[in-house]
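> Enclosed is the structure file my_file.cif (mmCIF, C-alpha atoms).
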data_protein
loop_
_atom_site.label_atom_id
_atom_site.label_comp_id
_atom_site.auth_asym_id
_atom_site.auth_seq_id
_atom_site.Cartn_x
_atom_site.Cartn_y
_atom_site.Cartn_z
CA MET L 8 103.60 174.30 -153.18
CA LYS L 9 101.69 177.25 -154.60
CA SER L 10 98.19 177.73 -153.17
CA ILE L 11 95.31 179.21 -155.08
CA ALA L 12 91.62 179.43 -154.19
CA VAL L 13 88.55 179.35 -156.37
CA THR L 14 85.69 181.25 -154.75
CA GLY L 15 82.80 183.43 -155.83
CA GLY L 16 80.33 184.73 -153.29
CA LYS L 17 77.22 183.70 -155.20
CA GLY L 18 76.28 180.03 -155.24
CA GLY L 19 75.99 178.23 -158.56
CA THR L 20 78.41 180.42 -160.51
CA GLY L 21 80.57 177.40 -161.30
CA LYS L 22 83.27 177.50 -158.63
CA SER L 23 83.68 173.73 -158.46
CA THR L 24 83.55 173.31 -162.23
CA ILE L 25 86.23 175.95 -162.77
CA ALA L 26 88.36 174.55 -159.91
CA ILE L 27 88.24 171.07 -161.46
CA LEU L 28 88.94 172.33 -164.98
CA MET L 29 91.89 174.34 -163.67
CA ALA L 30 93.17 171.21 -161.92
CA TYR L 31 93.16 169.32 -165.23
CA TYR L 32 94.79 172.30 -166.92
CA TYR L 33 97.72 172.27 -164.46
CA LEU L 34 97.95 168.47 -164.75
CA SER L 35 98.28 168.87 -168.53
CA LYS L 36 101.23 171.19 -167.88
CA GLY L 37 102.95 168.38 -166.00
CA LEU L 38 102.29 169.76 -162.50
CA LYS L 39 101.27 167.66 -159.50
CA VAL L 40 97.97 168.97 -158.19
CA ILE L 41 96.02 168.73 -154.95
CA LEU L 42 92.40 169.80 -155.18
CA ALA L 43 91.06 170.55 -151.70
CA ASP L 44 87.29 170.69 -151.46
CA CYS L 45 86.74 173.16 -148.61
CA ASP L 46 83.00 173.57 -149.22
CA VAL L 47 82.70 171.36 -146.17
CA GLU L 48 78.96 171.73 -145.65
CA CYS L 49 78.20 170.27 -149.08
CA PRO L 50 81.42 169.03 -150.66
CA ASN L 51 80.74 167.73 -154.14
CA ASP L 52 83.92 167.92 -156.19
CA SER L 53 84.17 164.14 -155.89
CA ILE L 54 80.70 163.74 -157.40
CA ILE L 55 81.39 166.13 -160.27
CA ILE L 56 84.68 164.42 -161.06
CA GLY L 57 82.99 161.02 -160.82
CA ARG L 58 84.61 159.57 -157.69
CA SER L 59 83.14 158.30 -154.46
CA LEU L 60 84.15 159.45 -150.98
CA LYS L 61 85.51 156.25 -149.48
CA ASN L 62 88.95 156.77 -148.06
CA GLU L 63 88.32 158.47 -144.71
CA LYS L 64 91.69 159.59 -143.35
CA GLU L 65 90.96 161.68 -140.31
CA LYS L 66 88.25 162.91 -138.04
CA THR L 67 88.23 166.56 -137.06
CA TYR L 68 87.15 167.79 -133.66
CA ALA L 69 85.53 170.84 -132.18
CA ILE L 70 86.63 171.79 -128.68
CA TYR L 71 83.82 172.81 -126.39
CA PRO L 72 84.10 174.23 -122.89
CA LYS L 73 83.00 172.07 -119.99
CA ILE L 74 82.40 173.68 -116.60
CA ASP L 75 83.64 172.05 -113.41
CA LYS L 76 80.84 173.01 -111.03
CA LYS L 77 83.03 172.44 -107.98
CA LYS L 78 85.65 174.95 -109.11
CA CYS L 79 83.28 177.51 -110.68
CA ASN L 80 82.28 180.45 -108.46
CA LEU L 81 79.85 181.90 -111.03
CA CYS L 82 81.94 185.05 -111.57
CA GLY L 83 80.59 185.31 -115.15
CA LYS L 84 83.89 186.29 -116.83
CA CYS L 85 83.40 183.49 -119.39
CA ILE L 86 79.94 184.84 -120.24
CA LYS L 87 81.32 188.32 -120.91
CA SER L 88 84.21 186.95 -122.96
CA CYS L 89 82.01 184.90 -125.30
CA LYS L 90 81.40 186.75 -128.56
CA GLN L 91 78.96 184.05 -129.69
CA ASN L 92 76.75 184.41 -126.59
CA ALA L 93 77.06 180.66 -126.14
CA ILE L 94 77.50 180.82 -122.35
CA TYR L 95 74.92 181.87 -119.82
CA LYS L 96 74.07 181.60 -116.16
CA ALA L 97 70.70 180.23 -115.09
CA GLY L 98 69.45 178.39 -112.05
CA GLY L 99 72.74 178.95 -110.22
CA VAL L 100 74.97 177.21 -112.81
CA ILE L 101 76.91 178.18 -115.93
CA LYS L 102 75.50 176.58 -119.07
CA ILE L 103 76.98 176.15 -122.54
CA GLU L 104 75.03 176.24 -125.79
CA GLU L 105 77.29 174.08 -127.95
CA MET L 106 75.32 174.88 -131.09
CA LEU L 107 76.45 178.50 -130.76
CA CYS L 108 80.03 177.80 -129.68
CA SER L 109 82.74 178.52 -132.27
CA SER L 110 85.50 176.68 -130.35
CA CYS L 111 87.50 179.91 -130.18
CA GLY L 112 88.89 178.94 -126.76
CA VAL L 113 88.75 182.39 -125.16
CA CYS L 114 86.71 181.15 -122.17
CA PHE L 115 89.45 178.66 -121.19
CA HIS L 116 91.87 181.55 -120.82
CA VAL L 117 89.67 184.05 -118.99
CA CYS L 118 88.48 181.68 -116.26
CA PRO L 119 90.40 182.75 -113.13
CA ARG L 120 89.78 179.44 -111.38
CA GLY L 121 90.66 177.00 -114.13
CA ALA L 122 87.13 175.67 -113.94
CA ILE L 123 86.71 175.21 -117.70
CA SER L 124 88.08 172.07 -119.27
CA LYS L 125 88.12 171.06 -122.93
CA LYS L 126 85.65 168.60 -124.34
CA LYS L 127 86.28 167.11 -127.79
CA ASP L 128 83.48 166.33 -130.19
CA ILE L 129 83.66 165.12 -133.80
CA ASN L 130 82.65 167.92 -136.16
CA GLY L 131 83.90 166.59 -139.48
CA LYS L 132 85.88 164.13 -141.55
CA ILE L 133 88.67 164.38 -144.08
CA PHE L 134 88.71 162.10 -147.12
CA GLU L 135 91.60 161.54 -149.47
CA ASP L 136 91.46 160.18 -152.99
CA ASP L 137 94.49 159.62 -155.25
CA ILE L 138 92.73 160.00 -158.58
CA THR L 139 96.13 159.56 -160.26
CA LYS L 140 99.70 159.68 -158.98
CA GLU L 141 99.76 163.37 -159.91
CA PHE L 142 96.25 164.32 -158.84
CA LYS L 143 95.03 164.10 -155.27
CA LEU L 144 91.55 165.12 -154.12
CA VAL L 145 91.19 166.00 -150.43
CA THR L 146 87.65 166.56 -149.18
CA GLY L 147 86.48 168.01 -145.88
CA ARG L 148 82.96 167.18 -144.80
CA SER L 149 81.17 168.52 -141.74
CA GLU L 150 78.93 166.37 -139.61
CA ILE L 151 75.21 167.08 -139.52
CA LYS L 152 74.10 169.78 -137.04
CA VAL L 153 77.55 171.36 -136.78
CA ARG L 154 77.01 175.10 -137.01
CA GLU L 155 80.56 176.35 -136.92
CA THR L 156 82.31 174.74 -139.87
CA SER L 157 85.31 177.03 -140.38
CA PRO L 158 87.51 174.93 -137.99
CA ILE L 159 87.00 171.98 -140.36
CA VAL L 160 88.29 174.09 -143.26
CA ASN L 161 91.29 174.92 -141.11
CA GLU L 162 91.92 171.21 -140.49
CA VAL L 163 91.69 170.43 -144.22
CA ARG L 164 94.23 173.14 -144.94
CA LYS L 165 96.60 171.81 -142.28
CA TYR L 166 96.16 168.32 -143.70
CA VAL L 167 96.96 169.50 -147.24
CA ALA L 168 99.91 171.63 -146.08
CA GLU L 169 101.61 168.49 -144.77
CA TYR L 170 102.19 167.38 -148.36
CA GLY L 171 104.43 170.44 -148.72
CA ASN L 172 106.55 170.16 -151.81
CA ASP L 173 105.36 166.70 -152.84
CA TYR L 174 102.86 168.62 -154.96
CA ASP L 175 103.31 171.72 -157.12
CA ILE L 176 99.97 173.40 -156.67
CA CYS L 177 97.03 173.25 -154.30
CA ILE L 178 93.64 174.44 -155.53
CA ILE L 179 91.20 175.25 -152.74
CA ASP L 180 87.56 175.13 -153.75
CA THR L 181 85.63 177.27 -151.26
CA ALA L 182 81.99 177.42 -150.24
CA ALA L 183 79.72 180.15 -151.52
CA GLY L 184 79.29 183.29 -149.46
CA THR L 185 81.66 185.61 -147.65
CA HIS L 186 81.38 184.14 -144.13
CA CYS L 187 83.91 182.57 -141.74
CA THR L 188 84.12 179.27 -143.62
CA VAL L 189 85.11 181.10 -146.81
CA ILE L 190 87.50 183.48 -145.04
CA GLN L 191 89.25 180.52 -143.44
CA ALA L 192 89.72 179.00 -146.90
CA LEU L 193 91.02 182.23 -148.47
CA GLU L 194 93.53 183.37 -145.87
CA ASP L 195 97.16 183.49 -147.04
CA MET L 196 96.38 182.27 -150.57
CA ASP L 197 98.94 183.15 -153.22
CA GLU L 198 96.15 183.95 -155.64
CA VAL L 199 92.34 183.93 -155.57
CA PHE L 200 90.07 183.36 -158.56
CA ILE L 201 86.60 184.81 -158.12
CA VAL L 202 84.07 183.03 -160.31
CA THR L 203 81.06 185.14 -161.21
CA GLU L 204 78.34 185.28 -163.84
CA PRO L 205 76.88 188.18 -165.84
CA THR L 206 73.69 188.58 -163.82
CA PRO L 207 72.72 191.25 -161.26
CA LEU L 208 73.17 188.64 -158.50
CA GLY L 209 76.59 187.68 -159.80
CA VAL L 210 77.71 191.30 -159.95
CA HIS L 211 76.37 192.04 -156.47
CA ASP L 212 78.19 189.13 -154.88
CA LEU L 213 81.34 189.74 -156.90
CA LYS L 214 81.50 193.19 -155.32
CA LEU L 215 81.24 191.67 -151.83
CA MET L 216 84.01 189.22 -152.65
CA LEU L 217 86.22 191.99 -154.05
CA GLU L 218 85.67 193.92 -150.81
CA LEU L 219 86.49 190.87 -148.69
CA THR L 220 89.65 189.96 -150.60
CA LYS L 221 90.72 193.60 -150.42
CA VAL L 222 90.43 193.52 -146.62
CA LEU L 223 92.32 190.22 -146.56
CA GLY L 224 95.02 191.74 -148.77
CA LEU L 225 94.81 189.00 -151.40
CA LYS L 226 95.76 189.06 -155.07
CA ARG L 227 92.58 188.23 -156.96
CA ARG L 228 91.42 187.77 -160.51
CA ILE L 229 87.94 187.34 -161.93
CA VAL L 230 86.52 184.45 -163.95
CA ILE L 231 83.28 185.24 -165.77
CA ASN L 232 81.42 181.99 -166.25
CA LYS L 233 78.56 181.73 -168.76
CA SER L 234 79.95 185.01 -170.10
CA ASN L 235 77.85 184.99 -173.28
CA LEU L 236 74.53 184.85 -171.41
CA GLY L 237 74.47 188.43 -170.15
CA LYS L 238 76.19 191.79 -170.16
CA THR L 239 79.69 191.79 -168.73
CA GLY L 240 80.25 195.57 -168.66
CA ASN L 241 79.49 195.93 -164.96
CA ILE L 242 81.97 193.15 -164.14
CA TYR L 243 84.75 194.87 -166.08
CA ASN L 244 83.91 198.15 -164.33
CA LEU L 245 84.16 196.48 -160.92
CA ALA L 246 87.43 194.82 -161.90
CA LYS L 247 88.86 198.23 -162.76
CA LYS L 248 87.50 199.89 -159.63
CA TYR L 249 88.99 197.23 -157.36
CA LYS L 250 92.30 196.99 -159.24
CA SER L 251 91.59 193.41 -160.21
CA ASP L 252 91.29 191.97 -163.72
CA VAL L 253 89.23 189.49 -165.70
CA TYR L 254 91.44 186.44 -166.01
CA LEU L 255 89.06 184.35 -168.01
CA GLU L 256 85.72 184.46 -169.80
CA VAL L 257 84.04 181.09 -170.09
CA PRO L 258 81.13 181.09 -172.54
CA TYR L 259 78.23 178.79 -171.76
CA ASP L 260 78.99 175.43 -173.31
CA LYS L 261 76.49 172.60 -173.49
CA LYS L 262 79.24 169.99 -173.47
CA ILE L 263 80.60 171.18 -170.11
CA GLU L 264 77.09 171.19 -168.69
CA GLU L 265 76.38 167.64 -169.89
CA ILE L 266 79.57 166.29 -168.35
CA TYR L 267 78.91 168.21 -165.15
CA MET L 268 75.41 166.75 -164.91
CA LYS L 269 76.66 163.21 -165.44
CA GLY L 270 79.60 163.70 -163.05
CA GLU L 271 82.12 162.59 -165.65
CA PHE L 272 85.00 165.04 -165.49
CA GLU L 273 87.46 162.22 -164.83
CA LYS L 274 86.48 160.64 -168.14
CA ASN L 275 86.99 163.98 -169.91
CA PRO L 276 90.33 165.32 -168.68
CA ASP L 277 90.80 167.40 -171.83
CA LEU L 278 87.64 169.42 -171.28
CA PHE L 279 89.65 172.35 -169.96
CA LYS L 280 90.79 172.94 -173.55
CA LEU L 281 87.39 174.53 -174.18
CA LEU L 282 88.57 177.27 -171.84
CA ASP L 283 91.03 179.89 -172.94
CA ILE L 284 93.17 179.47 -169.81
CA LYS L 285 96.12 181.79 -169.96
CA ASN L 286 99.53 180.39 -169.21
CA GLU L 287 100.93 183.00 -166.85
CA MET G 17 55.79 190.15 -109.41
CA LYS G 18 58.50 191.43 -111.73
CA ILE G 19 57.65 191.26 -115.42
CA ALA G 20 59.39 192.27 -118.64
CA ILE G 21 57.77 193.20 -121.96
CA CYS G 22 59.67 193.10 -125.26
CA VAL G 23 59.34 196.47 -126.99
CA ASP G 24 61.07 198.51 -129.66
CA GLY G 25 60.30 201.93 -128.13
CA SER G 26 60.93 203.12 -124.59
CA GLU G 27 57.44 204.40 -123.84
CA GLU G 28 54.24 203.09 -122.25
CA LYS G 29 52.27 203.14 -125.51
CA ALA G 30 54.89 200.98 -127.27
CA LYS G 31 53.43 197.70 -128.45
CA VAL G 32 54.98 194.32 -127.78
CA SER G 33 57.81 193.73 -130.26
CA ASP G 34 57.65 191.16 -133.05
CA VAL G 35 60.91 189.63 -131.79
CA PHE G 36 62.35 188.57 -128.46
CA GLY G 37 66.15 188.29 -128.82
CA ARG G 38 66.50 191.37 -130.95
CA CYS G 39 63.88 193.71 -129.49
CA LYS G 40 65.31 197.14 -128.67
CA TYR G 41 64.19 197.40 -125.01
CA PHE G 42 62.60 195.52 -122.19
CA ALA G 43 59.90 197.32 -120.25
CA VAL G 44 60.56 196.05 -116.72
CA TYR G 45 57.66 196.46 -114.29
CA ASP G 46 57.47 195.55 -110.63
CA SER G 47 53.85 195.11 -109.55
CA GLU G 48 54.70 195.61 -105.87
CA SER G 49 56.50 198.95 -106.17
CA GLU G 50 54.52 199.81 -109.35
CA LYS G 51 57.75 201.05 -110.88
CA LEU G 52 58.28 200.91 -114.64
CA GLU G 53 61.68 201.24 -116.29
CA PHE G 54 63.03 200.59 -119.77
CA ILE G 55 66.30 198.76 -120.15
CA LYS G 56 68.29 198.27 -123.33
CA ASN G 57 68.42 194.74 -124.70
CA PRO G 58 72.05 193.65 -125.24
CA GLY G 59 70.78 191.04 -127.71
CA ASP G 60 69.81 193.80 -130.16
CA GLY G 61 72.93 194.09 -132.30
CA ALA G 62 74.51 190.80 -131.22
CA SER G 63 76.01 188.98 -134.17
CA ARG G 64 74.88 185.63 -132.77
CA GLY G 65 73.08 184.24 -129.76
CA ALA G 66 70.81 187.27 -129.36
CA GLY G 67 68.20 185.19 -127.52
CA ILE G 68 70.78 183.96 -125.02
CA SER G 69 72.11 187.41 -124.30
CA ALA G 70 68.59 188.86 -123.95
CA GLY G 71 67.55 185.98 -121.67
CA GLN G 72 70.62 186.47 -119.47
CA VAL G 73 69.74 190.08 -118.70
CA LEU G 74 66.23 189.01 -117.64
CA ILE G 75 67.61 186.26 -115.39
CA ASP G 76 70.09 188.70 -113.83
CA ARG G 77 67.25 191.11 -113.13
CA LYS G 78 65.22 188.33 -111.49
CA ILE G 79 62.30 188.71 -113.89
CA GLU G 80 59.54 186.16 -113.27
CA LYS G 81 57.52 186.53 -116.44
CA VAL G 82 58.18 187.90 -119.91
CA TYR G 83 55.66 189.02 -122.54
CA CYS G 84 56.61 188.68 -126.17
CA SER G 85 54.88 187.97 -129.48
CA ASN G 86 57.44 185.49 -130.79
CA ILE G 87 60.30 183.58 -129.24
CA GLY G 88 63.13 181.48 -130.69
CA PRO G 89 64.28 178.07 -129.44
CA ASN G 90 67.53 179.32 -127.83
CA ALA G 91 65.69 182.01 -125.94
CA GLU G 92 62.95 179.65 -124.85
CA ARG G 93 65.53 177.25 -123.43
CA ILE G 94 67.42 179.87 -121.43
CA LEU G 95 64.19 181.31 -120.05
CA SER G 96 62.98 177.91 -118.89
CA GLN G 97 66.42 177.16 -117.38
CA GLY G 98 66.17 180.46 -115.54
CA GLY G 99 62.64 179.68 -114.37
CA ILE G 100 61.09 182.55 -116.29
CA GLU G 101 57.58 182.05 -117.59
CA ASN G 102 56.78 183.47 -121.01
CA GLU G 103 53.45 184.53 -122.40
CA VAL G 104 52.77 185.20 -126.04
CA VAL G 105 50.72 188.33 -126.59
CA LYS G 106 49.99 190.10 -129.84
CA GLU G 107 49.40 193.76 -130.51
CA LYS G 108 49.16 194.91 -126.89
CA SER G 109 50.90 197.97 -125.48
CA VAL G 110 53.00 198.14 -122.30
CA LYS G 111 50.22 200.08 -120.60
CA GLU G 112 47.55 197.54 -121.55
CA ILE G 113 49.60 194.62 -120.30
CA ILE G 114 50.35 196.33 -116.97
CA ASN G 115 46.69 197.31 -116.50
CA GLU G 116 45.61 193.72 -116.99
CA LEU G 117 47.92 192.37 -114.28
#
Go through the file and emit its structure as structure tokens.


Amino acid sequence: MKSIAVTGGKGGTGKSTIAILMAYYYLSKGLKVILADCDVECPNDSIIIGRSLKNEKEKTYAIYPKIDKKKCNLCGKCIKSCKQNAIYKAGGVIKIEEMLCSSCGVCFHVCPRGAISKKKDINGKIFEDDITKEFKLVTGRSEIKVRETSPIVNEVRKYVAEYGNDYDICIIDTAAGTHCTVIQALEDMDEVFIVTEPTPLGVHDLKLMLELTKVLGLKRRIVINKSNLGKTGNIYNLAKKYKSDVYLEVPYDKKIEEIYMKGEFEKNPDLFKLLDIKNE
Amino acid sequence: MKIAICVDGSEEKAKVSDVFGRCKYFAVYDSESEKLEFIKNPGDGASRGAGISAGQVLIDRKIEKVYCSNIGPNAERILSQGGIENEVVKEKSVKEIINEL
């Protein structure tokens, strides 16, 4: 199964719309497609397509450290090892701030007395929806108040990977931004599509995303959404500078917007034909 | 009593910082020995949990009271767990706070 990601840095550039349209494009080519919504803090591909999130398949868990006060001698090695500053010592005991903990697990290993055990707590859920026999939507959704959501993205990716060669292509729709949750979604992708728009904000965030994908060593191409609403020169310059290219220009189209607003992509599977998607 | 004042400069005329977790220094003053020293705040520059890391250094130094102009929820929790009182002061310098003790 080939894995591609649709990302963008800036919010609202049209990542989900492009991811869904690309899914229908590949379906039209006779491929079996998994669309994995990894924008786990506000997953909405199901809404845009026109489906409801009903079929909960799995819960995902964060692992938090729990201190055994009888074994702990307050040496403080766990405090020093914690990059999130989630552990501290006060009033003669070690305390954990779970809201800051990233579940990295380093503290379990550094404790010389084995005084830290693992405590599981639900941090998210995975939903699965067979829209058709050839088109599966997998959605990760974090629970409220969970700060560290990249482990949920990791769980969604593991879940999807289990389908292996039952499907031809997996499209990962990432969150906005360039933070851990997005990095977790981008790692090891065969190809990354960066959706941007011809605005100063779009160009600024495109640059960040080009930097990030460069560091991650990923092959990336640019999609300019709403390309007729502004000047695209800066985007082409960035593409050249970062040895990327513009894969697709999508002019603003009222029809796409209307269907997006109604959440009716499922009823309009041929909408991708408005896009000049290249068959490469 | 041992107090700490959040500051961004390591001098007596420095005014109390606008932030707790990410202030540059703590002015640590012991009213018994009348000794004043400036220590670097490890929370300044922390990617996350600055308030926790700043609070830890104050607990380790057995500070009893801290003066700041603002304080976040994480920091407030660790200070209360460590039994450190905090007082909100605005616009005062290290020297003024010490003189008023």

> Could you list, as a VMD selection string, the residues of chain G having an atom within 8 Å of chain L when counting all atoms listed in the file?

chain G and resid 63 to 66 68 to 69 72 75 94 97 to 99

> Residues picked by the PyMOL selection byres ((chain L and resi 27-40) around 10) here, as a ChimeraX atom specification?

/L:8-9,13,21-26,41-43,52-53,55-56,139-144,172-178,180,263,272-273,275-282,284,286

> What does the structure give for the distance between CA of Arg93 (chain G) and CA of Lys56 (chain G), in Å to one decimal?

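Between these atoms lies a distance of 21.2 Å.
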
> As AutoDock Vina command-line options, what would the box around region 198-210 of chain L look like: edges along x, y and z, 4 Å added on every side, centre and edge lengths in Å to one decimal?


--center_x 84.4 --center_y 187.2 --center_z -160.7 --size_x 31.4 --size_y 16.3 --size_z 18.3

> Tell me which residues the PyMOL selection byres ((chain L and resi 194) around 12) grabs here, as a VMD selection string.

chain L and resid 10 to 12 157 160 to 161 164 179 181 187 to 193 195 to 199 219 to 226

> Between G:Glu80, G:Glu103, G:Asp34, G:Glu116, which one has atoms that come closest to Asp46 (chain G), using all atoms listed in the file?

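Among G:Glu80, G:Glu103, G:Asp34, G:Glu116, it is G:Glu80 that comes nearest to Asp46 (chain G).
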
> What does the distance from CA of Cys39 (chain G) to CA of Gly59 (chain G) come to in Å, to one decimal?

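Separating CA of Cys39 (chain G) from CA of Gly59 (chain G) is a distance of 7.6 Å.
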
> Do you have the CA of Phe36 (chain G)-CA of Gly184 (chain L) distance handy?

27.5 Å

> If the PyMOL selection byres ((chain L and resi 119-125) around 7) were run on this exact file, what residues would it hold? Put them as an NGL selection string.

:L and (70-75 or 78-79 or 115 or 117-118 or 126-127)

> Kindly indicate which residue among L:Val230, L:Tyr243, L:Lys152, L:Gly147 lies nearest to Val167 (chain L), using all atoms listed in the file for the distances.

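Of all the options, L:Gly147 lies closest to Val167 (chain L).
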
> Name the residues in contact with Val35 (chain G) at a cut-off of 7 Å, using all atoms listed in the file, excluding same-chain residues fewer than 2 positions from it; report them as a PyMOL selection string.

chain G and resi 33+37-39+85-87

> What lies within 12 Å of Glu112 (chain G) using only C-alpha atoms, ignoring chain neighbours under 3 positions off, as a ChimeraX atom specification?

/G:21,28-32,83,105-109,115-117

> Mind writing the picked residues with C-alpha atoms as an mmCIF file, in the coordinates of the input?


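Contents of part-v2.cif, freshly written:
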data_model
loop_
_atom_site.group_PDB
_atom_site.id
_atom_site.type_symbol
_atom_site.label_atom_id
_atom_site.label_comp_id
_atom_site.auth_asym_id
_atom_site.auth_seq_id
_atom_site.Cartn_x
_atom_site.Cartn_y
_atom_site.Cartn_z
ATOM 1 C CA ILE G 21 57.770 193.200 -121.960
ATOM 2 C CA GLU G 28 54.240 203.090 -122.250
ATOM 3 C CA LYS G 29 52.270 203.140 -125.510
ATOM 4 C CA ALA G 30 54.890 200.980 -127.270
ATOM 5 C CA LYS G 31 53.430 197.700 -128.450
ATOM 6 C CA VAL G 32 54.980 194.320 -127.780
ATOM 7 C CA TYR G 83 55.660 189.020 -122.540
ATOM 8 C CA VAL G 105 50.720 188.330 -126.590
ATOM 9 C CA LYS G 106 49.990 190.100 -129.840
ATOM 10 C CA GLU G 107 49.400 193.760 -130.510
ATOM 11 C CA LYS G 108 49.160 194.910 -126.890
ATOM 12 C CA SER G 109 50.900 197.970 -125.480
ATOM 13 C CA ASN G 115 46.690 197.310 -116.500
ATOM 14 C CA GLU G 116 45.610 193.720 -116.990
ATOM 15 C CA LEU G 117 47.920 192.370 -114.280
#

> Show me the residues around (51.9, 191.7, -107.7) - criterion: an atom at most 6 Å away, only C-alpha atoms counted - as a list in words.

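Here the neighbourhood of the point contains Met17, Ser47 and Glu48 of chain G.
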
> Could you take the residues named above and write them with C-alpha atoms, as a PDB file, keeping the file's coordinate frame?


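Full text of part_4.pdb as output:
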ATOM      1  CA  MET G  17      55.790 190.150-109.410  1.00  0.00           C
ATOM      2  CA  SER G  47      53.850 195.110-109.550  1.00  0.00           C
ATOM      3  CA  GLU G  48      54.700 195.610-105.870  1.00  0.00           C
TER       4      GLU G  48
END

> I need the residue nearest Tyr249 (chain L) from this list: L:Met216, L:Leu208, L:Ile231, L:Val113. Use all atoms listed in the file for the distance.

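Ranking L:Met216, L:Leu208, L:Ile231, L:Val113 by distance to Tyr249 (chain L), first place goes to L:Met216.
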
> With N, CA, C and O atoms as the goal, would you fill in the gaps in region 250-261 of chain L and present it as a PDB file, in the coordinates of the input?


ATOM      1  N   LYS L 250      90.933 197.318-158.802  1.00  0.00           N
ATOM      2  CA  LYS L 250      92.300 196.990-159.240  1.00  0.00           C
ATOM      3  C   LYS L 250      92.507 195.480-159.377  1.00  0.00           C
ATOM      4  O   LYS L 250      93.527 194.923-158.988  1.00  0.00           O
ATOM      5  N   SER L 251      91.482 194.833-159.915  1.00  0.00           N
ATOM      6  CA  SER L 251      91.590 193.410-160.210  1.00  0.00           C
ATOM      7  C   SER L 251      91.554 193.300-161.744  1.00  0.00           C
ATOM      8  O   SER L 251      91.626 194.315-162.442  1.00  0.00           O
ATOM      9  N   ASP L 252      91.468 192.099-162.284  1.00  0.00           N
ATOM     10  CA  ASP L 252      91.290 191.970-163.720  1.00  0.00           C
ATOM     11  C   ASP L 252      90.479 190.731-164.052  1.00  0.00           C
ATOM     12  O   ASP L 252      90.304 189.864-163.207  1.00  0.00           O
ATOM     13  N   VAL L 253      89.963 190.682-165.268  1.00  0.00           N
ATOM     14  CA  VAL L 253      89.230 189.490-165.700  1.00  0.00           C
ATOM     15  C   VAL L 253      90.250 188.528-166.296  1.00  0.00           C
ATOM     16  O   VAL L 253      90.857 188.795-167.328  1.00  0.00           O
ATOM     17  N   TYR L 254      90.437 187.430-165.602  1.00  0.00           N
ATOM     18  CA  TYR L 254      91.440 186.440-166.010  1.00  0.00           C
ATOM     19  C   TYR L 254      90.914 185.599-167.153  1.00  0.00           C
ATOM     20  O   TYR L 254      91.654 185.232-168.061  1.00  0.00           O
ATOM     21  N   LEU L 255      89.615 185.322-167.078  1.00  0.00           N
ATOM     22  CA  LEU L 255      89.060 184.350-168.010  1.00  0.00           C
ATOM     23  C   LEU L 255      87.581 184.602-168.239  1.00  0.00           C
ATOM     24  O   LEU L 255      86.853 184.908-167.301  1.00  0.00           O
ATOM     25  N   GLU L 256      87.155 184.490-169.502  1.00  0.00           N
ATOM     26  CA  GLU L 256      85.720 184.460-169.800  1.00  0.00           C
ATOM     27  C   GLU L 256      85.400 183.066-170.286  1.00  0.00           C
ATOM     28  O   GLU L 256      86.068 182.549-171.181  1.00  0.00           O
ATOM     29  N   VAL L 257      84.422 182.445-169.686  1.00  0.00           N
ATOM     30  CA  VAL L 257      84.040 181.090-170.090  1.00  0.00           C
ATOM     31  C   VAL L 257      82.619 181.145-170.656  1.00  0.00           C
ATOM     32  O   VAL L 257      81.658 181.275-169.902  1.00  0.00           O
ATOM     33  N   PRO L 258      82.475 181.074-171.980  1.00  0.00           N
ATOM     34  CA  PRO L 258      81.130 181.090-172.540  1.00  0.00           C
ATOM     35  C   PRO L 258      80.367 179.829-172.151  1.00  0.00           C
ATOM     36  O   PRO L 258      80.976 178.784-171.917  1.00  0.00           O
ATOM     37  N   TYR L 259      79.053 179.957-172.076  1.00  0.00           N
ATOM     38  CA  TYR L 259      78.230 178.790-171.760  1.00  0.00           C
ATOM     39  C   TYR L 259      78.467 177.722-172.830  1.00  0.00           C
ATOM     40  O   TYR L 259      78.453 178.014-174.023  1.00  0.00           O
ATOM     41  N   ASP L 260      78.706 176.514-172.372  1.00  0.00           N
ATOM     42  CA  ASP L 260      78.990 175.430-173.310  1.00  0.00           C
ATOM     43  C   ASP L 260      78.204 174.200-172.905  1.00  0.00           C
ATOM     44  O   ASP L 260      78.348 173.706-171.785  1.00  0.00           O
ATOM     45  N   LYS L 261      77.364 173.717-173.806  1.00  0.00           N
ATOM     46  CA  LYS L 261      76.490 172.600-173.490  1.00  0.00           C
ATOM     47  C   LYS L 261      77.275 171.343-173.125  1.00  0.00           C
ATOM     48  O   LYS L 261      76.851 170.544-172.289  1.00  0.00           O
TER      49      LYS L 261
END
